[in-house]
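Q: So that you have it, the file is my_file05.csv, and it contains CSV, C-alpha atoms and all ligand atoms:
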```
chain,number,residue,atom,x,y,z
A,29,MET,CA,7.5,-20.2,23.7
A,30,THR,CA,6.3,-18.4,26.8
A,31,ASP,CA,9.5,-18.4,28.7
A,32,GLU,CA,11.6,-16.8,25.9
A,33,PRO,CA,12.3,-13.1,26.1
A,34,LYS,CA,9.6,-10.9,24.6
A,35,LYS,CA,10.3,-9.4,21.1
A,36,GLU,CA,9.9,-5.7,21.0
A,37,MET,CA,6.5,-4.5,19.9
A,38,VAL,CA,6.2,-2.2,16.9
A,39,VAL,CA,2.7,-1.1,15.8
A,40,THR,CA,2.5,1.5,13.1
A,41,PRO,CA,0.2,1.7,10.0
A,42,TRP,CA,3.2,0.3,8.0
A,43,GLU,CA,4.7,-2.2,10.4
A,44,VAL,CA,3.3,-4.6,13.0
A,45,SER,CA,5.9,-6.9,14.6
A,46,GLY,CA,7.0,-8.4,17.9
A,47,ASP,CA,4.9,-9.5,20.9
A,48,ILE,CA,1.8,-7.4,20.9
A,49,ASP,CA,0.7,-6.2,24.4
A,50,TYR,CA,-2.8,-4.7,23.8
A,51,ASP,CA,-3.0,-3.2,27.3
A,52,LYS,CA,0.2,-1.2,26.6
A,53,LEU,CA,-1.1,-0.2,23.2
A,54,ILE,CA,-4.3,1.1,24.6
A,55,ASP,CA,-2.3,3.3,27.0
A,56,GLN,CA,0.2,4.4,24.4
A,57,PHE,CA,-2.5,5.3,21.8
A,58,GLY,CA,-4.7,6.9,24.5
A,59,VAL,CA,-7.8,5.1,23.3
A,60,GLN,CA,-10.8,3.9,25.4
A,61,ARG,CA,-11.2,0.3,26.4
A,62,MET,CA,-14.2,-1.5,24.9
A,63,THR,CA,-17.1,-1.8,27.3
A,64,LYS,CA,-19.8,-4.4,27.8
A,65,GLU,CA,-22.4,-1.7,27.4
A,66,ILE,CA,-21.2,-0.8,23.9
A,67,GLU,CA,-21.1,-4.4,22.9
A,68,GLU,CA,-24.6,-5.0,24.2
A,69,LYS,CA,-25.9,-1.9,22.4
A,70,ILE,CA,-24.5,-3.0,19.1
A,71,ALA,CA,-25.9,-6.5,19.6
A,72,LYS,CA,-29.3,-5.0,20.4
A,73,HIS,CA,-29.5,-3.0,17.2
A,74,ALA,CA,-28.1,-6.0,15.2
A,75,GLY,CA,-30.5,-8.5,16.8
A,76,PHE,CA,-27.5,-10.8,17.6
A,77,LYS,CA,-24.0,-10.6,19.1
A,78,HIS,CA,-21.4,-11.0,16.4
A,79,LEU,CA,-18.7,-13.6,17.1
A,80,GLN,CA,-16.0,-10.8,17.1
A,81,LEU,CA,-17.9,-9.0,19.8
A,82,ARG,CA,-18.6,-12.1,21.9
A,83,ARG,CA,-14.9,-13.0,21.8
A,84,GLY,CA,-13.5,-9.5,22.6
A,85,VAL,CA,-11.8,-9.1,19.2
A,86,TYR,CA,-12.8,-5.4,19.5
A,87,LEU,CA,-10.6,-4.3,22.3
A,88,SER,CA,-10.9,-0.5,22.2
A,89,HIS,CA,-12.6,2.4,20.6
A,90,ARG,CA,-13.0,6.2,20.5
A,91,ASP,CA,-16.5,7.6,20.7
A,92,THR,CA,-18.3,4.5,19.5
A,93,ASP,CA,-20.9,5.1,22.2
A,94,TRP,CA,-21.5,8.6,20.8
A,95,TRP,CA,-21.9,7.2,17.3
A,96,ILE,CA,-24.5,4.8,18.5
A,97,LYS,CA,-26.4,7.5,20.4
A,98,GLU,CA,-26.5,9.6,17.3
A,99,TYR,CA,-28.1,6.7,15.5
A,100,GLU,CA,-30.6,6.3,18.4
A,101,LYS,CA,-31.5,9.9,18.1
A,102,GLY,CA,-32.6,9.1,14.5
A,103,ASN,CA,-29.6,10.6,12.8
A,104,LYS,CA,-28.0,9.0,9.8
A,105,VAL,CA,-24.6,7.4,10.7
A,106,GLY,CA,-21.9,6.2,8.4
A,107,LEU,CA,-19.0,3.7,8.2
A,108,TYR,CA,-15.5,4.0,6.8
A,109,THR,CA,-12.8,1.4,6.3
A,110,GLY,CA,-10.1,0.7,3.7
A,111,ARG,CA,-7.3,-1.4,2.2
A,112,GLY,CA,-3.8,-0.6,1.1
A,113,PRO,CA,-3.6,-2.7,-2.1
A,114,SER,CA,-0.1,-4.1,-1.9
A,115,GLY,CA,-0.9,-7.7,-2.6
A,116,HIS,CA,-3.7,-10.3,-2.3
A,117,VAL,CA,-6.0,-10.1,0.7
A,118,HIS,CA,-5.4,-12.4,3.6
A,119,LEU,CA,-7.8,-13.7,6.3
A,120,GLY,CA,-6.8,-11.0,8.8
A,121,HIS,CA,-8.0,-8.2,6.4
A,122,LEU,CA,-11.4,-9.8,6.2
A,123,LEU,CA,-12.1,-9.5,9.9
A,124,PRO,CA,-13.0,-5.8,9.9
A,125,TRP,CA,-14.8,-6.2,6.6
A,126,PHE,CA,-17.1,-8.9,7.9
A,127,PHE,CA,-17.7,-6.7,10.9
A,128,CYS,CA,-18.6,-3.8,8.6
A,129,LYS,CA,-21.2,-5.9,7.0
A,130,TYR,CA,-22.7,-6.6,10.4
A,131,LEU,CA,-22.7,-2.9,11.3
A,132,GLN,CA,-24.0,-1.8,7.9
A,133,GLU,CA,-27.1,-4.0,8.4
A,134,ALA,CA,-27.5,-3.1,12.1
A,135,PHE,CA,-27.3,0.7,11.6
A,136,ASP,CA,-28.5,1.0,8.1
A,137,ALA,CA,-25.2,2.7,7.3
A,138,ASP,CA,-23.4,3.5,4.1
A,139,LEU,CA,-19.9,2.3,4.0
A,140,TYR,CA,-17.1,4.3,2.3
A,141,PHE,CA,-14.3,1.9,1.4
A,142,GLN,CA,-11.0,3.5,0.5
A,143,MET,CA,-8.4,1.8,-1.7
A,144,THR,CA,-5.1,3.5,-1.1
A,145,ASP,CA,-3.2,2.7,-4.3
A,146,ASP,CA,-1.3,5.9,-3.8
A,147,GLU,CA,-0.2,5.0,-0.2
A,148,LYS,CA,1.2,1.6,-1.3
A,149,PHE,CA,2.9,3.0,-4.3
A,150,LEU,CA,4.6,5.7,-2.2
A,151,GLN,CA,5.5,3.5,0.7
A,152,ARG,CA,6.7,0.4,-1.1
A,153,ASP,CA,9.8,0.5,-3.4
A,154,ASP,CA,8.9,-2.8,-5.0
A,155,LEU,CA,5.5,-1.7,-6.4
A,156,THR,CA,4.6,0.4,-9.4
A,157,LEU,CA,1.5,2.6,-9.6
A,158,GLU,CA,0.1,0.3,-12.3
A,159,GLU,CA,0.5,-2.7,-10.0
A,160,THR,CA,-1.2,-1.0,-7.0
A,161,ILE,CA,-4.1,0.2,-9.2
A,162,ALA,CA,-4.6,-3.3,-10.6
A,163,LEU,CA,-4.6,-4.7,-7.1
A,164,THR,CA,-7.2,-2.2,-6.1
A,165,TYR,CA,-9.7,-3.9,-8.4
A,166,GLU,CA,-8.5,-7.4,-7.4
A,167,ASN,CA,-8.9,-6.5,-3.7
A,168,ALA,CA,-12.3,-4.9,-4.3
A,169,LEU,CA,-13.6,-8.4,-5.2
A,170,ASP,CA,-12.7,-9.6,-1.7
A,171,VAL,CA,-14.6,-6.6,-0.2
A,172,ILE,CA,-17.7,-7.4,-2.2
A,173,ALA,CA,-17.4,-11.2,-1.4
A,174,CYS,CA,-17.9,-10.2,2.2
A,175,GLY,CA,-21.6,-9.7,1.4
A,176,LEU,CA,-21.9,-5.9,1.6
A,177,ASP,CA,-24.9,-4.1,0.3
A,178,PRO,CA,-24.2,-2.6,-3.3
A,179,GLU,CA,-26.7,0.2,-2.6
A,180,LYS,CA,-24.9,1.3,0.5
A,181,THR,CA,-21.2,0.5,-0.2
A,182,HIS,CA,-19.0,2.9,-2.1
A,183,ILE,CA,-15.6,1.6,-3.0
A,184,PHE,CA,-13.1,4.0,-4.4
A,185,SER,CA,-9.5,4.2,-5.5
A,186,ASP,CA,-7.5,7.3,-4.4
A,187,THR,CA,-5.9,7.7,-7.9
A,188,GLU,CA,-9.0,7.0,-10.0
A,189,HIS,CA,-11.6,8.8,-8.0
A,190,ILE,CA,-9.4,11.7,-7.0
A,191,GLY,CA,-11.9,14.3,-8.3
A,192,HIS,CA,-14.3,13.4,-5.5
A,193,LEU,CA,-11.6,13.5,-2.9
A,194,TYR,CA,-9.0,16.1,-3.6
A,195,LYS,CA,-10.7,19.3,-2.3
A,196,ILE,CA,-11.5,17.6,1.1
A,197,ALA,CA,-7.9,16.3,1.3
A,198,LEU,CA,-6.5,19.8,0.5
A,199,ASN,CA,-8.6,21.3,3.4
A,200,VAL,CA,-7.3,18.6,5.7
A,201,SER,CA,-3.6,19.1,4.6
A,202,LYS,CA,-3.7,22.8,5.3
A,203,LYS,CA,-4.6,22.2,8.9
A,204,VAL,CA,-1.9,19.6,9.7
A,205,THR,CA,1.6,20.9,10.2
A,206,TYR,CA,4.7,19.0,9.2
A,207,ASN,CA,5.7,19.0,12.8
A,208,THR,CA,2.5,17.1,13.8
A,209,ALA,CA,2.8,14.6,11.0
A,210,LYS,CA,6.4,14.0,12.0
A,211,ALA,CA,5.5,13.4,15.6
A,212,ILE,CA,2.6,11.0,14.7
A,213,PHE,CA,4.2,9.0,11.8
A,214,GLY,CA,7.9,9.4,12.5
A,215,PHE,CA,8.7,10.9,9.1
A,216,ASN,CA,12.3,11.9,8.5
A,217,ASP,CA,14.3,13.7,5.9
A,218,SER,CA,14.7,10.7,3.6
A,219,ASN,CA,10.9,10.1,3.3
A,220,ASN,CA,9.5,11.1,-0.1
A,221,ILE,CA,7.1,14.0,0.1
A,222,GLY,CA,4.3,11.9,-1.3
A,223,ILE,CA,4.0,9.8,1.8
A,224,VAL,CA,4.2,12.9,4.0
A,225,TRP,CA,1.1,14.2,2.1
A,226,TYR,CA,-0.7,10.9,2.1
A,227,PRO,CA,-2.2,11.0,5.6
A,228,ALA,CA,-4.4,13.9,4.4
A,229,MET,CA,-5.9,11.3,1.9
A,230,GLN,CA,-6.7,8.7,4.6
A,231,ALA,CA,-8.1,11.4,6.9
A,232,MET,CA,-10.2,12.9,4.1
A,233,THR,CA,-12.6,9.9,3.9
A,234,CYS,CA,-13.8,10.6,7.5
A,235,PHE,CA,-15.6,13.6,6.0
A,236,LEU,CA,-16.5,12.3,2.6
A,237,GLU,CA,-20.0,11.3,3.6
A,238,SER,CA,-20.7,14.6,5.3
A,239,GLU,CA,-19.7,16.4,2.1
A,240,ARG,CA,-21.8,14.1,0.0
A,241,GLU,CA,-24.9,14.3,2.3
A,242,GLY,CA,-24.5,18.1,2.7
A,243,LYS,CA,-24.6,17.7,6.4
A,244,ASN,CA,-22.4,16.4,9.2
A,245,THR,CA,-22.7,12.7,9.4
A,246,PRO,CA,-21.1,10.7,12.3
A,247,CYS,CA,-18.5,8.4,10.9
A,248,LEU,CA,-17.3,5.1,12.6
A,249,ILE,CA,-14.1,3.4,11.4
A,250,PRO,CA,-13.8,-0.4,12.1
A,251,ALA,CA,-10.2,-1.4,11.6
A,252,ALA,CA,-7.4,-3.1,13.4
A,253,ILE,CA,-5.6,-0.9,15.9
A,254,ASP,CA,-2.5,-0.3,13.6
A,255,GLN,CA,-4.4,2.4,11.7
A,256,ASP,CA,-5.0,4.5,14.8
A,257,PRO,CA,-2.3,7.1,14.2
A,258,TYR,CA,-4.3,8.4,11.2
A,259,TRP,CA,-7.3,8.9,13.4
A,260,ARG,CA,-5.3,10.7,16.1
A,261,MET,CA,-4.3,13.2,13.4
A,262,THR,CA,-7.8,13.5,12.0
A,263,ARG,CA,-9.5,14.0,15.3
A,264,ASP,CA,-7.2,16.8,16.0
A,265,ILE,CA,-8.3,18.8,13.0
A,266,ALA,CA,-11.9,17.7,12.4
A,267,GLU,CA,-13.7,20.3,14.4
A,268,LYS,CA,-11.4,23.1,13.0
A,269,LEU,CA,-12.9,22.1,9.6
A,270,GLY,CA,-16.5,22.1,10.9
A,271,TYR,CA,-16.9,18.3,11.0
A,272,TYR,CA,-17.5,15.8,13.8
A,273,LYS,CA,-14.5,13.9,15.1
A,274,PRO,CA,-14.5,10.4,13.5
A,275,ALA,CA,-15.2,7.5,15.9
A,276,GLN,CA,-13.2,4.3,15.9
A,277,ILE,CA,-13.7,0.7,16.9
A,278,HIS,CA,-10.3,-1.2,17.0
A,279,ALA,CA,-9.8,-4.9,16.4
A,280,LYS,CA,-7.0,-7.1,17.6
A,281,PHE,CA,-4.8,-8.8,14.9
A,282,LEU,CA,-5.4,-12.2,13.6
A,283,PRO,CA,-2.0,-13.9,14.1
A,284,GLY,CA,0.1,-15.4,11.3
A,285,LEU,CA,0.6,-19.1,11.0
A,286,ALA,CA,4.2,-18.8,12.3
A,287,GLU,CA,5.0,-18.0,15.9
A,288,GLY,CA,4.4,-14.4,17.0
A,289,GLY,CA,3.3,-11.3,15.0
A,290,LYS,CA,0.1,-10.7,13.0
A,291,MET,CA,-0.9,-12.3,9.7
A,292,SER,CA,1.0,-10.2,7.2
A,293,SER,CA,1.2,-10.3,3.4
A,294,SER,CA,5.0,-9.8,3.6
A,295,GLN,CA,5.3,-13.3,5.1
A,296,PRO,CA,3.4,-15.3,2.5
A,297,ASP,CA,4.0,-18.7,4.0
A,298,SER,CA,2.5,-17.6,7.3
A,299,ALA,CA,-0.5,-16.0,5.7
A,300,ILE,CA,-3.6,-17.5,4.2
A,301,PHE,CA,-4.6,-15.5,1.2
A,302,THR,CA,-8.2,-15.5,-0.2
A,303,THR,CA,-6.7,-16.5,-3.5
A,304,ASP,CA,-4.7,-19.5,-2.2
A,305,PRO,CA,-5.9,-22.8,-3.7
A,306,PRO,CA,-7.8,-24.3,-0.8
A,307,LYS,CA,-5.6,-27.4,-0.6
A,308,LYS,CA,-2.5,-25.2,-0.5
A,309,ALA,CA,-4.0,-23.2,2.4
A,310,GLY,CA,-4.9,-26.5,4.2
A,311,LYS,CA,-1.2,-27.5,3.8
A,312,LYS,CA,-0.1,-24.2,5.3
A,313,VAL,CA,-2.4,-24.8,8.3
A,314,MET,CA,-0.8,-28.2,8.8
A,315,LYS,CA,2.6,-26.5,9.2
A,316,ALA,CA,1.3,-23.8,11.7
A,317,PHE,CA,2.8,-23.0,15.0
A,318,THR,CA,0.8,-24.5,17.9
A,319,GLY,CA,0.9,-24.5,21.6
A,320,GLY,CA,1.7,-28.2,21.6
A,321,ARG,CA,4.5,-30.0,23.6
A,322,ASP,CA,7.6,-31.6,22.1
A,323,THR,CA,6.3,-35.2,22.4
A,324,VAL,CA,2.9,-36.9,22.4
A,325,GLU,CA,3.7,-38.3,25.9
A,326,GLU,CA,4.3,-34.8,27.2
A,327,GLN,CA,1.2,-33.5,25.5
A,328,CYS,CA,-1.0,-36.2,27.1
A,329,GLU,CA,0.5,-35.6,30.5
A,330,LEU,CA,0.8,-31.7,30.5
A,331,GLY,CA,-1.8,-30.7,28.0
A,332,GLY,CA,-1.4,-28.1,25.2
A,333,ARG,CA,-1.3,-24.3,25.6
A,334,PRO,CA,-4.2,-22.7,23.6
A,335,GLU,CA,-3.2,-19.3,25.0
A,336,ILE,CA,-0.1,-19.3,22.7
A,337,CYS,CA,-1.5,-21.5,19.9
A,338,ASN,CA,-2.2,-19.9,16.5
A,339,VAL,CA,-4.4,-22.8,15.4
A,340,TYR,CA,-6.6,-22.2,18.4
A,341,ALA,CA,-6.6,-18.5,17.6
A,342,TYR,CA,-8.1,-19.2,14.1
A,343,TYR,CA,-10.9,-21.2,15.8
A,344,TYR,CA,-11.3,-18.3,18.2
A,345,PHE,CA,-11.4,-15.4,15.7
A,346,MET,CA,-13.1,-17.0,12.8
A,347,PHE,CA,-13.5,-20.8,12.4
A,348,GLU,CA,-15.6,-21.9,15.4
A,349,GLU,CA,-18.9,-20.0,15.6
A,350,ASN,CA,-20.2,-22.2,18.4
A,351,ASP,CA,-19.1,-20.9,21.8
A,352,ALA,CA,-19.7,-24.1,23.7
A,353,ALA,CA,-17.7,-26.1,21.1
A,354,LEU,CA,-14.8,-23.6,21.4
A,355,VAL,CA,-14.7,-24.0,25.2
A,356,GLU,CA,-14.8,-27.8,24.8
A,357,ARG,CA,-11.8,-27.6,22.3
A,358,GLU,CA,-9.9,-25.5,24.7
A,359,MET,CA,-10.5,-27.8,27.7
A,360,LYS,CA,-9.7,-30.9,25.7
A,361,CYS,CA,-6.4,-29.3,24.6
A,362,LYS,CA,-5.5,-28.3,28.1
A,363,ASN,CA,-6.3,-31.8,29.4
A,364,GLY,CA,-4.2,-33.5,26.7
A,365,GLU,CA,-7.2,-35.2,25.2
A,366,ILE,CA,-6.8,-33.7,21.8
A,367,LEU,CA,-3.5,-33.5,19.9
A,368,CYS,CA,-2.2,-30.8,17.6
A,369,GLY,CA,-2.3,-32.9,14.5
A,370,GLU,CA,-6.1,-33.6,14.9
A,371,CYS,CA,-6.8,-29.9,15.7
A,372,LYS,CA,-4.9,-28.8,12.7
A,373,LYS,CA,-6.6,-31.3,10.4
A,374,THR,CA,-10.1,-30.1,11.4
A,375,LEU,CA,-9.0,-26.4,11.0
A,376,ALA,CA,-7.4,-27.2,7.6
A,377,LYS,CA,-10.7,-28.7,6.4
A,378,ARG,CA,-12.7,-25.7,7.6
A,379,VAL,CA,-10.3,-23.3,6.0
A,380,GLU,CA,-10.6,-25.2,2.7
A,381,VAL,CA,-14.4,-25.1,2.9
A,382,PHE,CA,-14.4,-21.4,3.7
A,383,LEU,CA,-12.0,-20.6,0.8
A,384,THR,CA,-13.9,-22.6,-1.7
A,385,ASP,CA,-17.1,-20.7,-0.9
A,386,PHE,CA,-15.4,-17.3,-0.7
A,387,GLN,CA,-13.6,-17.8,-4.0
A,388,LYS,CA,-16.9,-18.5,-5.7
A,389,LYS,CA,-18.4,-15.3,-4.3
A,390,ARG,CA,-15.2,-13.5,-5.3
A,391,GLU,CA,-15.5,-14.6,-8.9
A,392,GLU,CA,-19.2,-13.6,-8.9
A,393,ALA,CA,-18.2,-10.2,-7.7
A,394,ARG,CA,-16.5,-9.4,-11.0
A,395,GLU,CA,-19.9,-9.2,-12.6
A,396,VAL,CA,-21.2,-6.6,-10.1
A,397,LEU,CA,-18.0,-4.7,-9.3
A,398,ASP,CA,-19.3,-1.6,-11.1
A,399,GLN,CA,-22.3,-1.3,-8.8
A,400,TYR,CA,-20.1,-0.9,-5.8
A,401,LEU,CA,-17.8,1.8,-7.1
A,402,LEU,CA,-18.2,5.4,-5.9
A,403,LYS,CA,-20.3,7.4,-8.3
A,501,LIG,P1,-4.1,-2.6,5.2
A,501,LIG,O1,-4.3,-2.9,3.7
A,501,LIG,O2,-2.8,-2.7,5.8
A,501,LIG,O3,-5.2,-3.4,6.0
A,501,LIG,C1,-6.5,-3.5,5.7
A,501,LIG,C2,-7.4,-3.7,7.0
A,501,LIG,O4,-7.0,-4.9,7.6
A,501,LIG,C3,-6.6,-4.7,8.9
A,501,LIG,N1,-5.6,-5.7,9.2
A,501,LIG,C4,-5.8,-6.8,10.1
A,501,LIG,N2,-6.9,-7.0,10.9
A,501,LIG,C5,-6.8,-8.1,11.6
A,501,LIG,N3,-5.7,-9.0,11.6
A,501,LIG,C6,-4.7,-8.8,10.8
A,501,LIG,N4,-3.6,-9.6,10.8
A,501,LIG,C7,-4.7,-7.6,10.0
A,501,LIG,N5,-3.8,-7.0,9.1
A,501,LIG,C8,-4.4,-5.9,8.7
A,501,LIG,C9,-6.1,-3.3,9.0
A,501,LIG,O5,-6.2,-2.7,10.2
A,501,LIG,C10,-7.1,-2.6,8.0
A,501,LIG,O6,-8.3,-2.4,8.7
A,501,LIG,N6,-3.8,2.4,5.2
A,501,LIG,C11,-4.7,1.3,5.2
A,501,LIG,C12,-5.8,1.5,4.1
A,501,LIG,C13,-6.9,2.4,4.7
A,501,LIG,C14,-7.7,2.1,5.8
A,501,LIG,C15,-8.6,3.2,5.9
A,501,LIG,C16,-7.8,1.0,6.7
A,501,LIG,C17,-7.3,3.6,4.2
A,501,LIG,N7,-8.3,4.1,4.9
A,501,LIG,C18,-9.5,3.2,6.9
A,501,LIG,C19,-8.7,1.0,7.7
A,501,LIG,C20,-9.6,2.1,7.8
A,501,LIG,C21,-3.9,0.0,4.9
A,501,LIG,O7,-2.9,0.0,4.3
A,501,LIG,O8,-4.6,-1.1,5.4
```
Kindly transcribe the structure held in the file into structure tokens.

A:
Amino acid sequence: MTDEPKKEMVVTPWEVSGDIDYDKLIDQFGVQRMTKEIEEKIAKHAGFKHLQLRRGVYLSHRDTDWWIKEYEKGNKVGLYTGRGPSGHVHLGHLLPWFFCKYLQEAFDADLYFQMTDDEKFLQRDDLTLEETIALTYENALDVIACGLDPEKTHIFSDTEHIGHLYKIALNVSKKVTYNTAKAIFGFNDSNNIGIVWYPAMQAMTCFLESEREGKNTPCLIPAAIDQDPYWRMTRDIAEKLGYYKPAQIHAKFLPGLAEGGKMSSSQPDSAIFTTDPPKKAGKKVMKAFTGGRDTVEEQCELGGRPEICNVYAYYYFMFEENDAALVEREMKCKNGEILCGECKKTLAKRVEVFLTDFQKKREEAREVLDQYLLK
């Protein structure tokens, strides 16, 4: 609830918890705030303004304006994003992937999609390498189900495609001192040396397209802001290796179903997985944290609080395409005209419909997986 003390914010590539203060994060990470100008330019090239842009889901960036200008000059531009295959994919992961599809079409860009089966094996005590590799291919189905272009999407696994990657990663790793890695990622003496090397692998993809094209190709990374430490490190060494600095566009986190924090695979009851049976997902929604009052009388009198409500957040991020309908829902909630049960029921239905359709596409993806793998 709003009057309870705030829980300390932790945002690293491996942990996101507490009450997230995006303004503070922007200052801490030293990134640029998103501007209307950038949003409008993207929309102009796409022919429409994506829901995530209209709703301010992309809060900050680095050099996205430069990346767009390069495209406008007639240069080829590329996209890069990824997934750490530690379990099934949840709705939060899909946000940047849907956005990549939008950008891929708008800028005619190839997308390099990295599956970090090495990272998750090294970082998680409970996962074997065989498990993270198997999850790579499971998660790739979700990526494909987002509707990306098979001709322009190159999905790869760090372990299985290492021959394409290792030389670039070696060059990166030689330029990053242990001191820098420690300062950025907080490594200490008890970390295994694999995870200390790993950032070179995540950085490497920023330059993969340049290597494959045989010329410097501007790279833009759509991802939630938790991945930013990798880009800080990469930008520091890019020019020393003769590449452009990679650009970033940072998303906010889709919250979990429970109060506070982002949607996270480590809290399965508070996450909606793309593999959840739709009815089960609907039931999870019915148990979600809302901004409702303790009693119906209070709710009718004082109204609900969409600003702290996760159910409202799902409409906002994903499940209400129509802006006017979203505003109407917000007003009705605040005026006490609509109660949480009704709002949850409508959302549960929408989530069920979404999952039914997505799971069909996900199954169809098995047939075409090979077309999407890096060659
Ligand atoms: P991973 O698997 O933790 O997350 C995959 C992508 O999902 C984003 N994300 C979210 N976005 C919105 N709401 C949420 N609740 C939420 N949770 C996660 C992440 O920011 C990410 O974009 N190390 C990476 C794998 C990786 C990568 C990359 C990610 C390799 N190269 C380049 C992004 C860009 C990882 O473990 O992501």

Q: Could you list, with a cut-off of 9 Å and counting only C-alpha atoms and all ligand atoms, the residues of chain A near ligand LIG 501 (chain A), each shown with its nearest atom pair and the distance in Å rounded to one decimal, rows sorted by chain and ascending number, as a Markdown table?

A:
```
| residue | atom | partner | partner_atom | distance |
| --- | --- | --- | --- | --- |
| A:Pro41 | CA | A:LIG501 | N6 | 6.3 |
| A:Trp42 | CA | A:LIG501 | O2 | 7.1 |
| A:Glu43 | CA | A:LIG501 | O2 | 8.8 |
| A:Val44 | CA | A:LIG501 | N5 | 8.4 |
| A:Tyr108 | CA | A:LIG501 | C18 | 6.1 |
| A:Thr109 | CA | A:LIG501 | C20 | 3.6 |
| A:Gly110 | CA | A:LIG501 | C14 | 3.5 |
| A:Arg111 | CA | A:LIG501 | O1 | 3.7 |
| A:Gly112 | CA | A:LIG501 | O7 | 3.4 |
| A:Pro113 | CA | A:LIG501 | O1 | 5.8 |
| A:Ser114 | CA | A:LIG501 | O1 | 7.1 |
| A:Gly115 | CA | A:LIG501 | O1 | 8.6 |
| A:Val117 | CA | A:LIG501 | O1 | 8.0 |
| A:His118 | CA | A:LIG501 | N5 | 7.9 |
| A:Leu119 | CA | A:LIG501 | C6 | 7.3 |
| A:Gly120 | CA | A:LIG501 | N3 | 3.6 |
| A:His121 | CA | A:LIG501 | O4 | 3.7 |
| A:Leu122 | CA | A:LIG501 | O4 | 6.7 |
| A:Leu123 | CA | A:LIG501 | C5 | 5.7 |
| A:Pro124 | CA | A:LIG501 | O6 | 5.9 |
| A:Trp125 | CA | A:LIG501 | O6 | 7.8 |
| A:Tyr140 | CA | A:LIG501 | C18 | 9.0 |
| A:Phe141 | CA | A:LIG501 | N7 | 7.3 |
| A:Gln142 | CA | A:LIG501 | N7 | 5.2 |
| A:Met143 | CA | A:LIG501 | C17 | 6.3 |
| A:Thr144 | CA | A:LIG501 | C12 | 5.6 |
| A:Asp145 | CA | A:LIG501 | C12 | 8.9 |
| A:Glu147 | CA | A:LIG501 | N6 | 7.0 |
| A:Lys148 | CA | A:LIG501 | O7 | 7.1 |
| A:Pro227 | CA | A:LIG501 | N6 | 8.8 |
| A:Met229 | CA | A:LIG501 | C17 | 8.2 |
| A:Gln230 | CA | A:LIG501 | N7 | 4.9 |
| A:Ala231 | CA | A:LIG501 | N7 | 7.6 |
| A:Thr233 | CA | A:LIG501 | N7 | 7.3 |
| A:Cys234 | CA | A:LIG501 | C18 | 8.6 |
| A:Ile249 | CA | A:LIG501 | C20 | 5.9 |
| A:Pro250 | CA | A:LIG501 | C20 | 6.5 |
| A:Ala251 | CA | A:LIG501 | O6 | 3.6 |
| A:Ala252 | CA | A:LIG501 | O5 | 3.4 |
| A:Ile253 | CA | A:LIG501 | O5 | 6.0 |
| A:Asp254 | CA | A:LIG501 | O5 | 5.6 |
| A:Gln255 | CA | A:LIG501 | O5 | 5.6 |
| A:Asp256 | CA | A:LIG501 | O5 | 8.6 |
| A:Tyr258 | CA | A:LIG501 | N6 | 8.5 |
| A:Trp259 | CA | A:LIG501 | C18 | 8.9 |
| A:His278 | CA | A:LIG501 | O5 | 8.1 |
| A:Ala279 | CA | A:LIG501 | C5 | 6.5 |
| A:Lys280 | CA | A:LIG501 | C5 | 6.1 |
| A:Phe281 | CA | A:LIG501 | N3 | 3.4 |
| A:Leu282 | CA | A:LIG501 | N3 | 3.8 |
| A:Pro283 | CA | A:LIG501 | N4 | 5.7 |
| A:Gly284 | CA | A:LIG501 | N4 | 6.9 |
| A:Gly289 | CA | A:LIG501 | N4 | 8.3 |
| A:Lys290 | CA | A:LIG501 | N4 | 4.4 |
| A:Met291 | CA | A:LIG501 | N4 | 4.0 |
| A:Ser292 | CA | A:LIG501 | N4 | 5.9 |
| A:Ser293 | CA | A:LIG501 | N5 | 8.3 |
| A:Ala299 | CA | A:LIG501 | N4 | 8.8 |
```

Q: Of the candidates A:Phe347, A:Phe317, A:Tyr165, A:Phe235, which shows the shortest atom-to-atom distance to Pro334 of chain A, using all atoms listed in the file?

A: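 Nearest candidate to Pro334 of chain A out of A:Phe347, A:Phe317, A:Tyr165, A:Phe235: A:Phe317.
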
Q: Considering only C-alpha atoms, state which residue in the set A:Glu348, A:Lys372, A:Lys35, A:Glu358 is at the smallest distance from Glu335 of chain A.

A: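 Looking at the shortest contact to Glu335 of chain A, the residue is A:Glu358.
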
Q: Suppose you want the space between atom CA of Tyr344 of chain A and atom CA of Pro305 of chain A; what is it in Å?

A: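 The value is 23.0 Å.
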
Q: Using Å and a single decimal, report how far atom CA of Leu401 of chain A sits from atom CA of Lys129 of chain A.

A: 16.4 Å

Q: What residues have an atom no more than 6 Å from (-1.4, -33.2, 25.6) in the file's own frame, counting all atoms listed in the file, and can you write them as a PyMOL selection string?

A: chain A and resi 327-332+364

Q: From the list A:Leu375, A:Tyr340, A:Ile54, A:Glu100, which residue is nearest Lys360 of chain A when using all atoms listed in the file?

A: A:Tyr340

Q: Would you list the residues near (-16.3, 0.6, -5.9) (no more than 10 Å away, in the coordinates of the file, using only C-alpha atoms) as an MDAnalysis selection string?

A: chainID A and resid 140:143 164:165 168:169 171:172 178 181:185 189 396:403

Q: Would you mind listing what lies within 12 Å of Thr205 of chain A as number ranges by chain, with all atoms listed in the file counted and same-chain residues fewer than 4 positions away left out?

A: A: 200-201, 209-212, 224-225, 227-228, 261, 264-265

Q: If you measure from atom CA of Glu326 of chain A to atom CA of Asn363 of chain A, what distance in Å do you get, rounded to one decimal?

A: 11.2 Å
